[in-house]
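Colleague: Pasting model-v9.csv here (CSV, C-alpha atoms):
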chain,number,residue,atom,x,y,z
A,1,MET,CA,-45.3,-87.0,27.7
A,2,ASP,CA,-43.2,-88.1,30.6
A,3,ARG,CA,-43.3,-86.3,33.9
A,4,TYR,CA,-39.8,-85.0,33.6
A,5,ARG,CA,-40.6,-83.1,30.3
A,6,LEU,CA,-43.9,-81.8,31.8
A,7,LYS,CA,-42.0,-80.5,34.8
A,8,ASN,CA,-39.5,-78.6,32.6
A,9,ILE,CA,-42.3,-77.1,30.5
A,10,ILE,CA,-44.1,-75.8,33.6
A,11,ILE,CA,-40.8,-74.3,34.9
A,12,LEU,CA,-40.3,-72.7,31.5
A,13,ILE,CA,-43.8,-71.2,31.5
A,14,LEU,CA,-43.4,-69.9,35.1
A,15,SER,CA,-40.0,-68.4,34.2
A,16,LEU,CA,-41.5,-66.6,31.1
A,17,MET,CA,-44.3,-65.3,33.3
A,18,ASN,CA,-41.8,-63.9,35.8
A,19,VAL,CA,-39.8,-62.3,33.0
A,20,PHE,CA,-43.1,-60.8,31.6
A,21,LEU,CA,-44.1,-59.4,35.0
A,22,LEU,CA,-40.7,-57.9,35.7
A,23,ALA,CA,-40.7,-56.3,32.2
A,24,SER,CA,-44.2,-54.9,32.9
A,25,LEU,CA,-43.1,-53.5,36.2
A,26,ALA,CA,-40.0,-51.9,34.7
A,27,ILE,CA,-42.1,-50.3,31.9
A,28,ARG,CA,-44.6,-49.0,34.5
A,29,GLU,CA,-41.9,-47.6,36.7
A,30,GLY,CA,-40.2,-46.0,33.7
A,31,ALA,CA,-43.5,-44.4,32.7
A,32,ARG,CA,-44.0,-43.1,36.2
A,33,GLN,CA,-40.5,-41.7,36.4
A,34,SER,CA,-40.9,-40.1,33.0
A,35,ALA,CA,-44.2,-38.5,34.1
A,36,LYS,CA,-42.6,-37.2,37.3
A,37,GLU,CA,-39.7,-35.7,35.4
A,38,THR,CA,-42.1,-34.0,32.9
A,39,ALA,CA,-44.2,-32.6,35.8
A,40,VAL,CA,-41.1,-31.3,37.5
A,41,GLU,CA,-39.9,-29.6,34.3
A,42,GLN,CA,-43.3,-28.0,33.8
A,43,MET,CA,-43.3,-26.7,37.4
A,44,VAL,CA,-39.8,-25.3,37.0
A,45,SER,CA,-40.9,-23.6,33.7
A,46,LEU,CA,-44.1,-22.2,35.3
A,47,PHE,CA,-42.0,-20.5,38.0
A,48,ALA,CA,-39.4,-19.4,35.5
A,49,ALA,CA,-42.1,-17.6,33.5
A,50,ASP,CA,-42.6,-15.4,36.6
A,51,GLY,CA,-38.9,-14.8,37.1
A,52,ILE,CA,-38.6,-17.3,39.9
A,53,THR,CA,-35.8,-19.9,40.1
A,54,LEU,CA,-37.1,-23.2,41.4
A,55,ASP,CA,-34.5,-25.9,42.1
A,56,PRO,CA,-36.0,-29.1,40.7
A,57,ASP,CA,-34.3,-31.2,43.3
A,58,VAL,CA,-36.4,-29.7,46.1
A,59,ILE,CA,-39.7,-31.0,44.6
A,60,SER,CA,-40.3,-34.0,46.8
A,61,ASP,CA,-42.4,-37.1,46.0
A,62,GLU,CA,-43.0,-37.8,49.8
A,63,THR,CA,-46.5,-38.5,50.9
A,64,PRO,CA,-47.7,-36.2,53.7
A,65,PRO,CA,-48.7,-38.0,56.9
A,66,ALA,CA,-52.2,-38.2,58.3
A,67,SER,CA,-53.5,-35.5,60.6
A,68,ARG,CA,-53.1,-36.2,64.3
A,69,SER,CA,-55.3,-35.7,67.3
A,70,LEU,CA,-53.6,-35.0,70.7
A,71,THR,CA,-55.0,-35.3,74.2
A,72,ARG,CA,-53.9,-33.0,77.0
A,73,SER,CA,-51.6,-34.6,79.6
A,74,THR,CA,-51.6,-33.1,83.1
A,75,ASP,CA,-48.8,-35.5,84.0
A,76,LEU,CA,-46.7,-34.0,81.2
A,77,GLU,CA,-47.5,-30.5,82.5
A,78,ARG,CA,-46.5,-31.4,86.0
A,79,ARG,CA,-43.2,-32.8,84.8
A,80,ALA,CA,-42.5,-29.6,83.0
A,81,ALA,CA,-43.4,-27.5,86.0
A,82,THR,CA,-41.2,-29.7,88.2
A,83,LEU,CA,-38.2,-29.2,86.0
A,84,LEU,CA,-38.8,-25.4,85.9
A,85,LEU,CA,-39.8,-24.8,89.5
A,86,GLY,CA,-38.4,-27.7,91.5
A,87,THR,CA,-40.1,-30.5,93.4
A,88,ALA,CA,-41.6,-28.4,96.2
A,89,LEU,CA,-44.7,-27.5,94.1
A,90,SER,CA,-48.1,-26.3,95.1
A,91,SER,CA,-50.8,-26.6,92.4
A,92,SER,CA,-54.3,-25.4,91.8
A,93,ASP,CA,-57.1,-25.5,89.2
A,94,GLN,CA,-57.8,-22.0,88.1
A,95,GLY,CA,-60.9,-23.0,86.0
A,96,GLY,CA,-61.3,-22.5,82.3
A,97,GLY,CA,-58.8,-25.2,81.6
A,98,ILE,CA,-55.9,-23.5,83.4
A,99,SER,CA,-53.7,-25.3,85.8
A,100,SER,CA,-51.3,-23.3,88.0
A,101,TYR,CA,-48.1,-24.3,89.8
A,102,SER,CA,-45.9,-22.3,92.1
A,103,SER,CA,-42.8,-22.7,94.3
A,104,ASP,CA,-40.2,-20.4,95.9
A,105,ARG,CA,-38.6,-20.3,92.4
A,106,GLY,CA,-41.6,-18.8,90.6
A,107,ALA,CA,-44.9,-19.7,89.0
A,108,ALA,CA,-46.3,-21.4,85.9
A,109,GLN,CA,-49.6,-21.7,84.2
A,110,PHE,CA,-50.7,-24.4,81.7
A,111,ARG,CA,-53.7,-24.1,79.5
A,112,SER,CA,-55.9,-26.6,77.8
A,113,GLY,CA,-54.8,-25.5,74.3
A,114,GLY,CA,-51.2,-26.4,75.1
A,115,SER,CA,-49.9,-22.9,75.8
A,116,PHE,CA,-48.0,-22.2,79.0
A,117,ASP,CA,-45.7,-19.7,80.6
A,118,ALA,CA,-43.4,-19.8,83.6
A,119,SER,CA,-41.5,-17.0,85.3
A,120,GLY,CA,-39.2,-16.4,88.2
A,121,THR,CA,-35.7,-17.5,89.0
A,122,LEU,CA,-35.9,-20.7,87.0
A,123,CYS,CA,-32.2,-21.4,86.6
A,124,GLN,CA,-29.2,-19.5,87.9
A,125,GLU,CA,-26.3,-21.6,86.6
A,126,ASN,CA,-25.6,-22.6,83.0
A,127,PRO,CA,-29.1,-21.5,81.8
A,128,THR,CA,-28.3,-22.5,78.1
A,129,ASP,CA,-27.5,-26.0,79.2
A,130,PHE,CA,-30.7,-26.1,81.2
A,131,CYS,CA,-32.7,-24.9,78.2
A,132,GLN,CA,-31.2,-27.6,76.0
A,133,ASP,CA,-32.0,-30.3,78.6
A,134,PHE,CA,-35.6,-29.0,78.7
A,135,CYS,CA,-35.9,-29.2,74.9
A,136,ARG,CA,-34.5,-32.7,74.8
A,137,GLU,CA,-36.9,-33.9,77.5
A,138,PHE,CA,-40.1,-32.5,76.0
A,139,GLY,CA,-39.4,-33.0,72.2
A,140,TYR,CA,-38.2,-29.6,70.9
A,141,SER,CA,-35.4,-28.8,68.5
A,142,LYS,CA,-32.1,-27.6,69.9
A,143,PRO,CA,-32.7,-24.0,71.0
A,144,VAL,CA,-31.0,-21.1,69.2
A,145,PHE,CA,-29.8,-18.3,71.4
A,146,GLN,CA,-29.3,-14.7,70.8
A,147,LEU,CA,-27.4,-13.3,73.9
A,148,ASP,CA,-25.4,-10.2,74.4
A,149,THR,CA,-22.1,-9.8,76.3
A,150,ASN,CA,-24.1,-9.6,79.6
A,151,ALA,CA,-25.6,-13.0,79.0
A,152,THR,CA,-29.0,-11.4,78.3
A,153,GLY,CA,-31.3,-12.3,75.5
A,154,THR,CA,-33.6,-15.1,74.3
A,155,GLY,CA,-33.5,-18.6,73.0
A,156,THR,CA,-36.1,-20.2,70.7
A,157,ALA,CA,-36.9,-23.8,69.8
A,158,VAL,CA,-39.6,-25.6,67.7
A,159,PHE,CA,-41.6,-28.6,68.8
A,160,LEU,CA,-40.9,-31.8,66.9
A,161,CYS,CA,-43.3,-34.7,66.3
A,162,ASP,CA,-41.8,-37.8,64.7
A,163,GLY,CA,-39.0,-35.7,63.3
A,164,LEU,CA,-41.3,-33.2,61.7
A,165,SER,CA,-41.2,-29.6,63.0
A,166,VAL,CA,-44.5,-28.0,64.1
A,167,TYR,CA,-43.9,-24.5,62.7
A,168,ASN,CA,-46.4,-22.6,64.9
A,169,CYS,CA,-45.6,-24.5,68.1
A,170,THR,CA,-42.5,-22.8,69.5
A,171,LEU,CA,-40.8,-22.2,72.8
A,172,THR,CA,-39.1,-19.0,74.0
A,173,PHE,CA,-36.5,-18.8,76.8
A,174,THR,CA,-35.7,-15.4,78.4
A,175,ILE,CA,-32.3,-15.1,80.0
A,176,THR,CA,-31.4,-12.0,82.0
A,177,GLN,CA,-27.7,-11.5,83.1
A,178,GLY,CA,-27.1,-15.2,83.2
A,179,VAL,CA,-30.4,-16.2,84.9
A,180,LEU,CA,-33.3,-18.0,83.2
A,181,THR,CA,-36.2,-15.8,84.1
A,182,SER,CA,-39.1,-17.0,81.9
A,183,VAL,CA,-40.2,-19.7,79.5
A,184,SER,CA,-43.3,-19.5,77.4
A,185,GLY,CA,-44.7,-21.3,74.4
A,186,THR,CA,-46.7,-24.4,73.6
A,187,LEU,CA,-46.2,-27.8,75.3
A,188,LEU,CA,-47.7,-30.8,73.4
A,189,PRO,CA,-47.7,-34.5,74.2
A,190,GLN,CA,-45.7,-36.8,71.8
A,191,THR,CA,-48.5,-39.4,71.7
A,192,TYR,CA,-51.3,-39.0,69.2
A,193,THR,CA,-54.1,-40.7,67.3
A,194,GLU,CA,-54.1,-40.5,63.5
A,195,LEU,CA,-57.3,-39.1,61.9
A,196,ALA,CA,-58.9,-40.7,58.9
A,197,SER,CA,-59.7,-38.4,56.0
A,198,ASP,CA,-61.4,-38.7,52.7
A,199,VAL,CA,-59.4,-35.8,51.3
A,200,GLU,CA,-56.1,-36.6,49.5
A,201,PRO,CA,-53.3,-34.5,51.1
A,202,LEU,CA,-51.6,-32.0,48.8
A,203,SER,CA,-48.5,-33.2,47.1
A,204,ALA,CA,-45.4,-31.1,46.8
A,205,SER,CA,-46.3,-30.0,43.3
A,206,ALA,CA,-49.9,-29.1,44.4
A,207,ALA,CA,-48.4,-27.1,47.3
A,208,LEU,CA,-46.2,-25.1,44.9
A,209,THR,CA,-49.2,-24.4,42.7
A,210,ALA,CA,-51.2,-23.1,45.6
A,211,PHE,CA,-48.2,-21.0,46.7
A,212,GLN,CA,-47.7,-19.5,43.2
A,213,LYS,CA,-51.4,-18.6,43.0
A,214,VAL,CA,-51.3,-16.7,46.3
A,215,ARG,CA,-48.0,-15.1,45.5
A,216,ARG,CA,-49.5,-13.7,42.3
A,217,GLU,CA,-52.6,-12.5,44.1
A,218,THR,CA,-50.6,-10.7,46.8
A,219,SER,CA,-47.8,-9.5,44.5
A,220,ALA,CA,-45.2,-10.9,46.9
A,221,VAL,CA,-41.7,-10.4,45.7
A,222,VAL,CA,-39.9,-13.8,45.4
A,223,SER,CA,-37.0,-14.6,43.1
A,224,SER,CA,-36.1,-18.2,44.1
A,225,VAL,CA,-37.4,-21.2,45.9
A,226,THR,CA,-34.6,-23.1,47.7
A,227,GLU,CA,-36.3,-25.6,50.0
A,228,LEU,CA,-39.5,-27.6,50.2
A,229,ASP,CA,-40.1,-29.7,53.3
A,230,LEU,CA,-42.9,-31.5,55.1
A,231,CYS,CA,-43.9,-30.2,58.5
A,232,LEU,CA,-46.9,-29.9,60.7
A,233,GLU,CA,-49.3,-27.2,61.6
A,234,TYR,CA,-50.9,-26.9,65.1
A,235,GLN,CA,-54.5,-26.1,65.5
A,236,SER,CA,-56.6,-25.8,68.7
A,237,SER,CA,-59.7,-24.1,69.9
A,238,SER,CA,-62.2,-24.4,72.7
A,239,ALA,CA,-64.5,-26.4,70.5
A,240,THR,CA,-61.9,-28.9,69.2
A,241,SER,CA,-59.1,-31.0,70.5
A,242,MET,CA,-55.4,-30.3,69.7
A,243,ILE,CA,-54.8,-31.2,66.1
A,244,LEU,CA,-51.6,-31.5,64.0
A,245,ILE,CA,-52.2,-31.1,60.3
A,246,PRO,CA,-49.5,-31.9,57.7
A,247,ALA,CA,-48.2,-28.9,55.7
A,248,TRP,CA,-45.4,-28.0,53.2
A,249,CYS,CA,-42.8,-25.4,54.2
A,250,ILE,CA,-41.7,-23.5,51.1
A,251,VAL,CA,-38.5,-21.5,51.7
A,252,THR,CA,-37.8,-18.6,49.4
A,253,ASN,CA,-35.2,-15.9,49.2
A,254,THR,CA,-37.5,-13.5,51.0
A,255,GLY,CA,-39.3,-15.7,53.6
A,256,GLU,CA,-41.0,-18.9,54.5
A,257,TYR,CA,-44.5,-19.9,53.4
A,258,TYR,CA,-46.6,-22.8,54.7
A,259,VAL,CA,-49.2,-24.6,52.7
A,260,ASN,CA,-51.8,-26.6,54.6
A,261,CYS,CA,-52.1,-30.1,53.0
A,262,SER,CA,-55.8,-30.4,53.8
A,263,THR,CA,-57.1,-27.0,52.8
A,264,GLY,CA,-54.4,-25.6,50.6
A,265,THR,CA,-54.3,-22.4,52.7
A,266,VAL,CA,-51.0,-20.5,52.3
A,267,THR,CA,-49.6,-18.8,55.4
A,268,PHE,CA,-46.6,-16.4,55.4
A,269,GLY,CA,-44.2,-17.6,58.1
A,270,GLY,CA,-42.0,-14.6,58.3
A,271,ILE,CA,-39.0,-12.9,56.7
A,272,LEU,CA,-35.7,-14.9,56.8
Produce structure tokens that represent the structure in this file.

Modeller:
Amino acid sequence: MDRYRLKNIIILILSLMNVFLLASLAIREGARQSAKETAVEQMVSLFAADGITLDPDVISDETPPASRSLTRSTDLERRAATLLLGTALSSSDQGGGISSYSSDRGAAQFRSGGSFDASGTLCQENPTDFCQDFCREFGYSKPVFQLDTNATGTGTAVFLCDGLSVYNCTLTFTITQGVLTSVSGTLLPQTYTELASDVEPLSASAALTAFQKVRRETSAVVSSVTELDLCLEYQSSSATSMILIPAWCIVTNTGEYYVNCSTGTVTFGGIL
């Protein structure tokens, strides 16, 4: 057999192998998609049996991120204090993980667990713009304000990490007659270290199952599930560092629920 014919045969064999591999992948992907559609249908039926409408489009196939460990940053705290109180700062260590800053504009305290509060005459002109700038600088969502005709009320924002909201890490601004008088909440660094885990994080379907179990146990009144999104849960104590754990946010017609991706614990986030 001449070399030319042998070369053609090899090319033909390789082509057939590629066709076989592509067909195998297509069959496997089709089976995976079919299994996913069946699982979604079963989940929708499970909720429907309890009189709850579940939009099948909200059942995500996203994989939750790894948990994250954060380290306190005194430089970050000083930057926040400077923005709130000005550059003419005096600082002191209060012990117990508490750092204090003060100026002629007011005072602020930052704690090892990330919580902080500041009060005084923090901003007298365009306080809502100031609050928006603060949120952009330190990684929060755009604040939502509830102010009366006297420019008195509050604004709230949620901390974001890589685009994911940290549902129990919020910021509250208090504005009194057009003057920002206090800011309180949790300040976290954006840098983190991912934590290895042997536990497979809960999928969206598993989170819905955990939610349904708790809803039945508590007899919570729910008639529809409209959203299901990945988020993060903040945990901190004197014995551990600051930790962000992935969670699923389940939005219903009566409130929000959060399902911890590591433990399956379901937390009611409040009435909408």

Colleague: Which one of A:Asn18, A:Thr170, A:Tyr258, A:Ala49 sits closest to Ser223 in chain A if you count all atoms listed in the file?

Modeller: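 The shortest atom-to-atom distance to Ser223 in chain A comes from A:Ala49.
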
Colleague: Work out how far CA of Ser69 in chain A is from CA of Asp117 in chain A, in Å to one decimal.

Modeller: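 Between these atoms lies a distance of 22.9 Å.
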
Colleague: From the options A:Thr121, A:Thr176, A:Ser60, A:Ser102, which residue's atoms come nearest to Thr87 in chain A, counting all atoms listed in the file?

Modeller: A:Ser102

Colleague: For Gly106 in chain A, which of A:Thr53, A:Thr181, A:Ser91, A:Thr172 is the closest residue, counting all atoms listed in the file?

Modeller: A:Thr181

Colleague: Can you list, as a VMD selection string, every protein, DNA or RNA residue that comes within 12 Å of Val44 in chain A when you count only C-alpha atoms, leaving out same-chain residues fewer than 6 positions away?

Modeller: chain A and resid 37 to 38 50 to 59 205 208 to 209 212 224 to 225

Colleague: I need range 152-187 of chain A from the structure I supplied, saved as a PDB file, in the first residue's frame with N, CA and C atoms retained.

Modeller:
ATOM      1  N   THR A 152     -35.377  64.605  55.867  1.00  0.00           N
ATOM      2  CA  THR A 152     -35.043  63.821  57.056  1.00  0.00           C
ATOM      3  C   THR A 152     -35.472  62.379  56.826  1.00  0.00           C
ATOM      4  N   GLY A 153     -34.574  61.450  57.161  1.00  0.00           N
ATOM      5  CA  GLY A 153     -34.891  60.039  56.983  1.00  0.00           C
ATOM      6  C   GLY A 153     -33.628  59.205  56.921  1.00  0.00           C
ATOM      7  N   THR A 154     -33.684  58.089  56.218  1.00  0.00           N
ATOM      8  CA  THR A 154     -32.551  57.173  56.183  1.00  0.00           C
ATOM      9  C   THR A 154     -32.274  56.695  54.754  1.00  0.00           C
ATOM     10  N   GLY A 155     -31.088  56.170  54.574  1.00  0.00           N
ATOM     11  CA  GLY A 155     -30.702  55.506  53.335  1.00  0.00           C
ATOM     12  C   GLY A 155     -30.038  54.191  53.695  1.00  0.00           C
ATOM     13  N   THR A 156     -30.245  53.174  52.896  1.00  0.00           N
ATOM     14  CA  THR A 156     -29.654  51.867  53.178  1.00  0.00           C
ATOM     15  C   THR A 156     -28.956  51.322  51.936  1.00  0.00           C
ATOM     16  N   ALA A 157     -27.891  50.548  52.174  1.00  0.00           N
ATOM     17  CA  ALA A 157     -27.145  49.920  51.091  1.00  0.00           C
ATOM     18  C   ALA A 157     -26.642  48.559  51.572  1.00  0.00           C
ATOM     19  N   VAL A 158     -26.337  47.688  50.613  1.00  0.00           N
ATOM     20  CA  VAL A 158     -25.878  46.328  50.903  1.00  0.00           C
ATOM     21  C   VAL A 158     -24.463  46.166  50.371  1.00  0.00           C
ATOM     22  N   PHE A 159     -23.611  45.499  51.142  1.00  0.00           N
ATOM     23  CA  PHE A 159     -22.239  45.261  50.710  1.00  0.00           C
ATOM     24  C   PHE A 159     -22.216  44.260  49.563  1.00  0.00           C
ATOM     25  N   LEU A 160     -21.333  44.500  48.581  1.00  0.00           N
ATOM     26  CA  LEU A 160     -21.204  43.627  47.423  1.00  0.00           C
ATOM     27  C   LEU A 160     -19.790  43.058  47.374  1.00  0.00           C
ATOM     28  N   CYS A 161     -19.687  41.774  47.051  1.00  0.00           N
ATOM     29  CA  CYS A 161     -18.380  41.125  46.890  1.00  0.00           C
ATOM     30  C   CYS A 161     -18.393  40.367  45.572  1.00  0.00           C
ATOM     31  N   ASP A 162     -17.600  40.825  44.632  1.00  0.00           N
ATOM     32  CA  ASP A 162     -17.582  40.234  43.287  1.00  0.00           C
ATOM     33  C   ASP A 162     -18.987  40.201  42.669  1.00  0.00           C
ATOM     34  N   GLY A 163     -19.754  41.244  42.927  1.00  0.00           N
ATOM     35  CA  GLY A 163     -21.086  41.346  42.343  1.00  0.00           C
ATOM     36  C   GLY A 163     -22.168  40.618  43.109  1.00  0.00           C
ATOM     37  N   LEU A 164     -21.807  39.866  44.141  1.00  0.00           N
ATOM     38  CA  LEU A 164     -22.800  39.151  44.948  1.00  0.00           C
ATOM     39  C   LEU A 164     -23.119  39.969  46.191  1.00  0.00           C
ATOM     40  N   SER A 165     -24.400  40.140  46.493  1.00  0.00           N
ATOM     41  CA  SER A 165     -24.790  40.892  47.683  1.00  0.00           C
ATOM     42  C   SER A 165     -24.560  40.049  48.935  1.00  0.00           C
ATOM     43  N   VAL A 166     -24.123  40.712  49.991  1.00  0.00           N
ATOM     44  CA  VAL A 166     -23.956  40.073  51.300  1.00  0.00           C
ATOM     45  C   VAL A 166     -25.155  40.512  52.127  1.00  0.00           C
ATOM     46  N   TYR A 167     -26.167  39.639  52.191  1.00  0.00           N
ATOM     47  CA  TYR A 167     -27.486  40.082  52.632  1.00  0.00           C
ATOM     48  C   TYR A 167     -27.526  40.571  54.076  1.00  0.00           C
ATOM     49  N   ASN A 168     -26.637  40.081  54.943  1.00  0.00           N
ATOM     50  CA  ASN A 168     -26.664  40.533  56.338  1.00  0.00           C
ATOM     51  C   ASN A 168     -25.500  41.467  56.645  1.00  0.00           C
ATOM     52  N   CYS A 169     -25.035  42.155  55.611  1.00  0.00           N
ATOM     53  CA  CYS A 169     -23.964  43.137  55.766  1.00  0.00           C
ATOM     54  C   CYS A 169     -24.435  44.428  55.106  1.00  0.00           C
ATOM     55  N   THR A 170     -25.036  45.299  55.901  1.00  0.00           N
ATOM     56  CA  THR A 170     -25.686  46.490  55.349  1.00  0.00           C
ATOM     57  C   THR A 170     -25.110  47.772  55.957  1.00  0.00           C
ATOM     58  N   LEU A 171     -25.543  48.861  55.391  1.00  0.00           N
ATOM     59  CA  LEU A 171     -25.107  50.184  55.821  1.00  0.00           C
ATOM     60  C   LEU A 171     -26.346  51.064  55.936  1.00  0.00           C
ATOM     61  N   THR A 172     -26.419  51.851  57.005  1.00  0.00           N
ATOM     62  CA  THR A 172     -27.550  52.763  57.197  1.00  0.00           C
ATOM     63  C   THR A 172     -27.042  54.186  57.383  1.00  0.00           C
ATOM     64  N   PHE A 173     -27.569  55.099  56.575  1.00  0.00           N
ATOM     65  CA  PHE A 173     -27.251  56.522  56.682  1.00  0.00           C
ATOM     66  C   PHE A 173     -28.454  57.224  57.306  1.00  0.00           C
ATOM     67  N   THR A 174     -28.204  58.106  58.254  1.00  0.00           N
ATOM     68  CA  THR A 174     -29.272  58.914  58.852  1.00  0.00           C
ATOM     69  C   THR A 174     -29.065  60.374  58.468  1.00  0.00           C
ATOM     70  N   ILE A 175     -30.077  60.946  57.861  1.00  0.00           N
ATOM     71  CA  ILE A 175     -30.033  62.345  57.416  1.00  0.00           C
ATOM     72  C   ILE A 175     -31.101  63.116  58.182  1.00  0.00           C
ATOM     73  N   THR A 176     -30.695  64.227  58.787  1.00  0.00           N
ATOM     74  CA  THR A 176     -31.614  65.051  59.570  1.00  0.00           C
ATOM     75  C   THR A 176     -31.619  66.469  59.017  1.00  0.00           C
ATOM     76  N   GLN A 177     -32.750  66.851  58.448  1.00  0.00           N
ATOM     77  CA  GLN A 177     -32.917  68.175  57.853  1.00  0.00           C
ATOM     78  C   GLN A 177     -31.752  68.528  56.916  1.00  0.00           C
ATOM     79  N   GLY A 178     -31.440  67.604  56.039  1.00  0.00           N
ATOM     80  CA  GLY A 178     -30.424  67.858  55.026  1.00  0.00           C
ATOM     81  C   GLY A 178     -28.997  67.698  55.474  1.00  0.00           C
ATOM     82  N   VAL A 179     -28.784  67.182  56.684  1.00  0.00           N
ATOM     83  CA  VAL A 179     -27.430  66.981  57.214  1.00  0.00           C
ATOM     84  C   VAL A 179     -27.229  65.496  57.528  1.00  0.00           C
ATOM     85  N   LEU A 180     -26.136  64.916  57.031  1.00  0.00           N
ATOM     86  CA  LEU A 180     -25.819  63.530  57.367  1.00  0.00           C
ATOM     87  C   LEU A 180     -25.293  63.497  58.790  1.00  0.00           C
ATOM     88  N   THR A 181     -26.047  62.833  59.685  1.00  0.00           N
ATOM     89  CA  THR A 181     -25.688  62.861  61.108  1.00  0.00           C
ATOM     90  C   THR A 181     -25.127  61.534  61.625  1.00  0.00           C
ATOM     91  N   SER A 182     -25.360  60.445  60.924  1.00  0.00           N
ATOM     92  CA  SER A 182     -24.774  59.181  61.374  1.00  0.00           C
ATOM     93  C   SER A 182     -24.704  58.165  60.247  1.00  0.00           C
ATOM     94  N   VAL A 183     -23.733  57.276  60.366  1.00  0.00           N
ATOM     95  CA  VAL A 183     -23.563  56.144  59.458  1.00  0.00           C
ATOM     96  C   VAL A 183     -23.220  54.937  60.320  1.00  0.00           C
ATOM     97  N   SER A 184     -23.907  53.833  60.097  1.00  0.00           N
ATOM     98  CA  SER A 184     -23.611  52.631  60.868  1.00  0.00           C
ATOM     99  C   SER A 184     -23.821  51.398  60.007  1.00  0.00           C
ATOM    100  N   GLY A 185     -23.133  50.341  60.349  1.00  0.00           N
ATOM    101  CA  GLY A 185     -23.274  49.098  59.594  1.00  0.00           C
ATOM    102  C   GLY A 185     -22.028  48.250  59.693  1.00  0.00           C
ATOM    103  N   THR A 186     -21.701  47.573  58.606  1.00  0.00           N
ATOM    104  CA  THR A 186     -20.548  46.680  58.565  1.00  0.00           C
ATOM    105  C   THR A 186     -19.665  47.055  57.395  1.00  0.00           C
ATOM    106  N   LEU A 187     -18.377  47.217  57.670  1.00  0.00           N
ATOM    107  CA  LEU A 187     -17.393  47.567  56.658  1.00  0.00           C
ATOM    108  C   LEU A 187     -16.451  46.382  56.478  1.00  0.00           C
TER     109      LEU A 187
END
